[in-house]
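First up is the structure itself, then whatever we jot down about it.
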Amino acid sequence: MGLKKVSEGIWEIPKEKDMLVPARVYGTEKLVNAIEKGALQQVKNVAYLPGIQKYSIGLPDMHWGYGFPIGGVAGIDYETGVVSPGGIGFDINCGVRLVKTNLTEKDIRPKLKELLDLLFGAVPAGVGGKSKLRLSKEELSEALETGSKYVVEKGFGWEKDLKHTEENGRIQGADSSKVSEKAMKRGMPQFGTLGSGNHFLEIQRVSNIYDKVIGEKFGLEEGQITVMIHCGSRGFGHQVASDYLDDMVKAMGKYKISVPDRQLACAPIGSPEGQDYLAAMKCAANYAFCNRQVIMHWVRGVFEKVLGKDAESLGMGLLYDICHNVAKEEVHEIDGKARKLLVHRKGATRAMPAGREENSEDFSSTGHPALIPGTMGTSSYVLIGTDTGLRETFGSVAHGAGRVMSRHEAMRRKRGERVKKELEAKGELIRGASLSGLAEEMPEAYKDVDEVIESVEKAGLGKRVSKHVPLAVMKG
Amino acid sequence: MEKYRFLEHTADAVFEAFGESFEELLVNSAEAMCSVMYELGKVEPKERVLVKAEGKNKEELLHNFLGAVLFEIQSRGMVFRSFKVLSLSGQCAEIELRGEKIDREKHELKSDIKAVTWHEFSVREEGNKWIAKVLVDI
């Protein structure tokens with residue numbers, strides 16, 4: 001597919017046909033050789049989007065998706081470019097949150113099974129997992145526009161959680177009148193649910209601290225127990241994306257835009273279709289912030305119950321909450337000039353270095369934590385952004401390991417029970433909403449997350465702060 | 001005739017569905033999509049839900065129909081086993097779904113589907129056989 005090495009860990013696909021910019025792929029030779037042809041075609045297709053700047057970007061965990069590759073980034077000029085819902089994905093603001101504790105493995109090992117069982121009872125998951133909350137349409141509308149603040153005011157969590165959430169848990173400009181009735185109906189019963197697929201809730205131990213100074217500032221140390229929550233905007237966001245994708249398919253003719261894949265359908269950012277989608281996308285992003293905030297509150301409740309202390313005494317502060325499927329209005333330097341872009345990140349994590357205005361007060365001197373979830377059985381990481389990453393990838397790093405094996409292939413290889421037993425033999429407890437789901441998500445179905453993170457660091461896009469290994473996993 | 005078969009895809013589920021008529025294609029595509037989410041054989045056809053779908057062409061009609069089934073599953077918390085095309089005129093179809101409320105003990109639930117994508121979506125007629133290709137996001 002014509003990949004040319006630019007420097008260590010950086011590859012380029014030169015412009016061809018109507019590509020507006022070249023494509024750049026980041027990763028070690030081993031990772032890049034393993035990328036499917038379909039994914040490379042997709043990273044090229046993204047280069048056709050009007051207004052795209054610098055490169056169409058594929059991160060080290062890049063794999064074959066639909067429209068955009070997963071692990072793809074596109075910085076698109078806000079004045080002249082387009083917004084493409086396929087560049088954000090159906091699960092708008094799928095993301096990760098990491099909760100700290102002051103516990104060690106010794107404190108919780110005897111209680112791990114009880115913790116996992118109670119978490120499974122407290123957090124609805126899987127197909128048809130219904131929320132314990134019953135929001136009216138009016139209440140949901142308010143949550144969509146106000147974000148995490150809405151649920152915190154209702155008693156789900158602490159005021160200080162907001163400062164440790166990307167955008168303070170509320171993307172400005174959300175307008176619930178731009179959301180369809182269908183999305184509201186799908187969203188209401190799922191507010192406060194984990195979902196299925198690769199979503200999970202995990203009790204982890206910090207196995208390594210790579211940067212002691214930053215680790216200390218983040219309140220992370222070796223041996224410490226943390227909890228990671230990975231989920232998104234559920235059926236609400238999926239419906240918003242579906243609705244607007246259909247609108248954009250129709251609008252393409254009107255704006256005389258042509259793209260190589262219908263899943264890349266887009267409209268000018270300033271057009272009514274573009275602005276309406278963005279107002280609805282922000283609602284879905286706020287829904288997801290609320291979702292993770294509510295789930296975290298239930299997690300704190302389970303720890304309080306099992307350990308007999310309140311969450312404050314257990315040190316259960318939120319380290320950070322971050323999106324990996326979203327479009328953000330950001331200012332970046334293009335040809336020496338500051339320009340407003342709409343940065344599409346699909347399966348990519350923002351990692352803004354120190355000095356950027358996106359960092360809240362607590363992270364102004366370090367840059368915010370970029371959270372990279374592993375898969376069950378493999379590690380997760382906390383990184384920070386770099387100036388190189390800001391220049392190369394608009395301040396973006398990978399979002400996880402990235403699949404290498406289809407779900408069917410995974411199920412052919414092993415039954416869910418065997419996956420569970422193998423992980424338990426390693427000392428990792430597992431509970432899944434479905435056994436087939438466990439098989440589909442087996443560790444071997446993913447790229448080696450350690451190598452993905454090493455690639456990110458080698459290319460200078462981000463720096464490792466800590467590594468977290470799973471002790472107990474609840475799979476959706 | 002084979003109703004549907006799954007093709008390899010790394011992250012999501014791709015299937016081809018077949019039918020001797022377009023009506024049969026609609027039904028078999030819905031069965032294929034639902035088989036990603038649960039075991040159809042475990043569902044009893046107790047309740048009846050009607051869905052209407054339309055489109056400018058056969059592709060849009062199938063796409064919208066699958067989206068409508070997904071919406072009924074998620075908004076009602078139901079699973080469906082049988083699909084019957086009551087009427088099909090032009091690019092407008094009325095379809096009856098039969099199923100029941102989700103029972104997590106009884107139904108073998110698998111993975112949720114987020115959406116029916118447009119990626120490489122196609123409907124074609126070859127001889128007397130209708131073929132659809134669909135990628136759903138998991």
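For the structure tokens, the naming scheme is as follows: chains receive sequential letters (A, B, ...) according to their order of presentation, residues are indexed from 1 within each chain, and ligands are indexed from 1 in presentation order.
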Residue list for chain A near chain B as a list in words, 7 Å, only C-alpha atoms
Trp64, Gly65, Tyr66, Gly67, Phe90, Val127, Gly128, Lys185, Arg186, Ser196, Gly197, Gly235, His238, Ser242, Asp261, Arg262, Gln263, Arg403, Val404, Met405, Ser406, Arg407, Ser434, Ser436 and Gly437 of chain A
Output for the residues just chosen: C-alpha atoms as a tab-separated table (two decimals), in the first residue's frame:
```
chain	number	residue	atom	x	y	z
A	64	TRP	CA	-10.03	-1.66	10.27
A	65	GLY	CA	-13.25	0.13	11.11
A	66	TYR	CA	-15.91	1.62	8.85
A	67	GLY	CA	-15.39	4.99	7.16
A	90	PHE	CA	-21.41	5.72	16.61
A	127	VAL	CA	-27.50	-6.46	26.13
A	128	GLY	CA	-30.73	-5.16	27.65
A	185	LYS	CA	-36.25	6.93	23.70
A	186	ARG	CA	-33.14	4.81	23.28
A	196	SER	CA	-21.35	-4.54	26.06
A	197	GLY	CA	-18.63	-5.17	23.48
A	235	GLY	CA	-27.95	3.79	22.43
A	238	HIS	CA	-25.60	5.56	18.51
A	242	SER	CA	-27.21	7.21	12.81
A	261	ASP	CA	-17.06	5.70	1.22
A	262	ARG	CA	-20.65	6.58	2.15
A	263	GLN	CA	-19.73	6.07	5.81
A	403	ARG	CA	-8.13	-5.60	17.62
A	404	VAL	CA	-6.23	-8.00	15.39
A	405	MET	CA	-8.67	-10.92	15.41
A	406	SER	CA	-12.30	-10.94	14.33
A	407	ARG	CA	-14.92	-11.78	16.93
A	434	SER	CA	-22.23	-13.04	28.52
A	436	SER	CA	-19.61	-15.35	24.24
A	437	GLY	CA	-18.68	-11.73	25.02
```
Using only C-alpha atoms, which protein or nucleic acid residues come within 7 Å of Tyr287 of chain A? Drop anything in the same chain fewer than 4 positions from it, and give the result as a list of chain:residue names.
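Close residues of Tyr287 of chain A: A:Ala143, A:Leu144, A:Gly147, A:Ser233, A:Cys283, A:Asn291.
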Keeping only N, CA and C atoms, take the residues you just selected and write them out as a PDB file, in the first residue's frame.
```pdb
ATOM      1  N   ALA A 143     -29.841  17.030  31.490  1.00  0.00           N
ATOM      2  CA  ALA A 143     -28.550  16.343  31.621  1.00  0.00           C
ATOM      3  C   ALA A 143     -27.719  16.489  30.339  1.00  0.00           C
ATOM      4  N   LEU A 144     -28.383  16.428  29.194  1.00  0.00           N
ATOM      5  CA  LEU A 144     -27.674  16.508  27.911  1.00  0.00           C
ATOM      6  C   LEU A 144     -26.991  17.858  27.747  1.00  0.00           C
ATOM      7  N   GLY A 147     -24.445  18.253  31.294  1.00  0.00           N
ATOM      8  CA  GLY A 147     -23.364  17.286  31.497  1.00  0.00           C
ATOM      9  C   GLY A 147     -23.244  16.800  32.931  1.00  0.00           C
ATOM     10  N   SER A 233     -21.755   6.563  25.216  1.00  0.00           N
ATOM     11  CA  SER A 233     -23.053   7.240  25.273  1.00  0.00           C
ATOM     12  C   SER A 233     -24.206   6.296  24.942  1.00  0.00           C
ATOM     13  N   CYS A 283     -24.471  16.862  22.933  1.00  0.00           N
ATOM     14  CA  CYS A 283     -25.437  16.248  23.866  1.00  0.00           C
ATOM     15  C   CYS A 283     -25.011  14.816  24.182  1.00  0.00           C
ATOM     16  N   ASN A 291     -22.967   9.329  32.235  1.00  0.00           N
ATOM     17  CA  ASN A 291     -23.017   7.883  32.380  1.00  0.00           C
ATOM     18  C   ASN A 291     -21.842   7.387  33.229  1.00  0.00           C
TER      19      ASN A 291
END
```
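Once Arg48 of chain B and its same-chain neighbours fewer than 2 positions away are set aside, Pro45, Lys46, Leu50, Glu96, Leu97, Arg98 and Gly99 of chain B remain within 8 Å of it when counting only C-alpha atoms.
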Work out how far apart atom CA of Leu61 of chain B and atom CA of Ser35 of chain B are and give it in Å to one decimal.
20.4 Å
Could you pull out the helix (DSSP H, G or I) residues of segment 149-352 of chain A from DSSP and send them as a PyMOL selection string?
chain A and resi 149-153+159-164+166-169+176-178+181-190+212-218+234-254+262-264+272-307
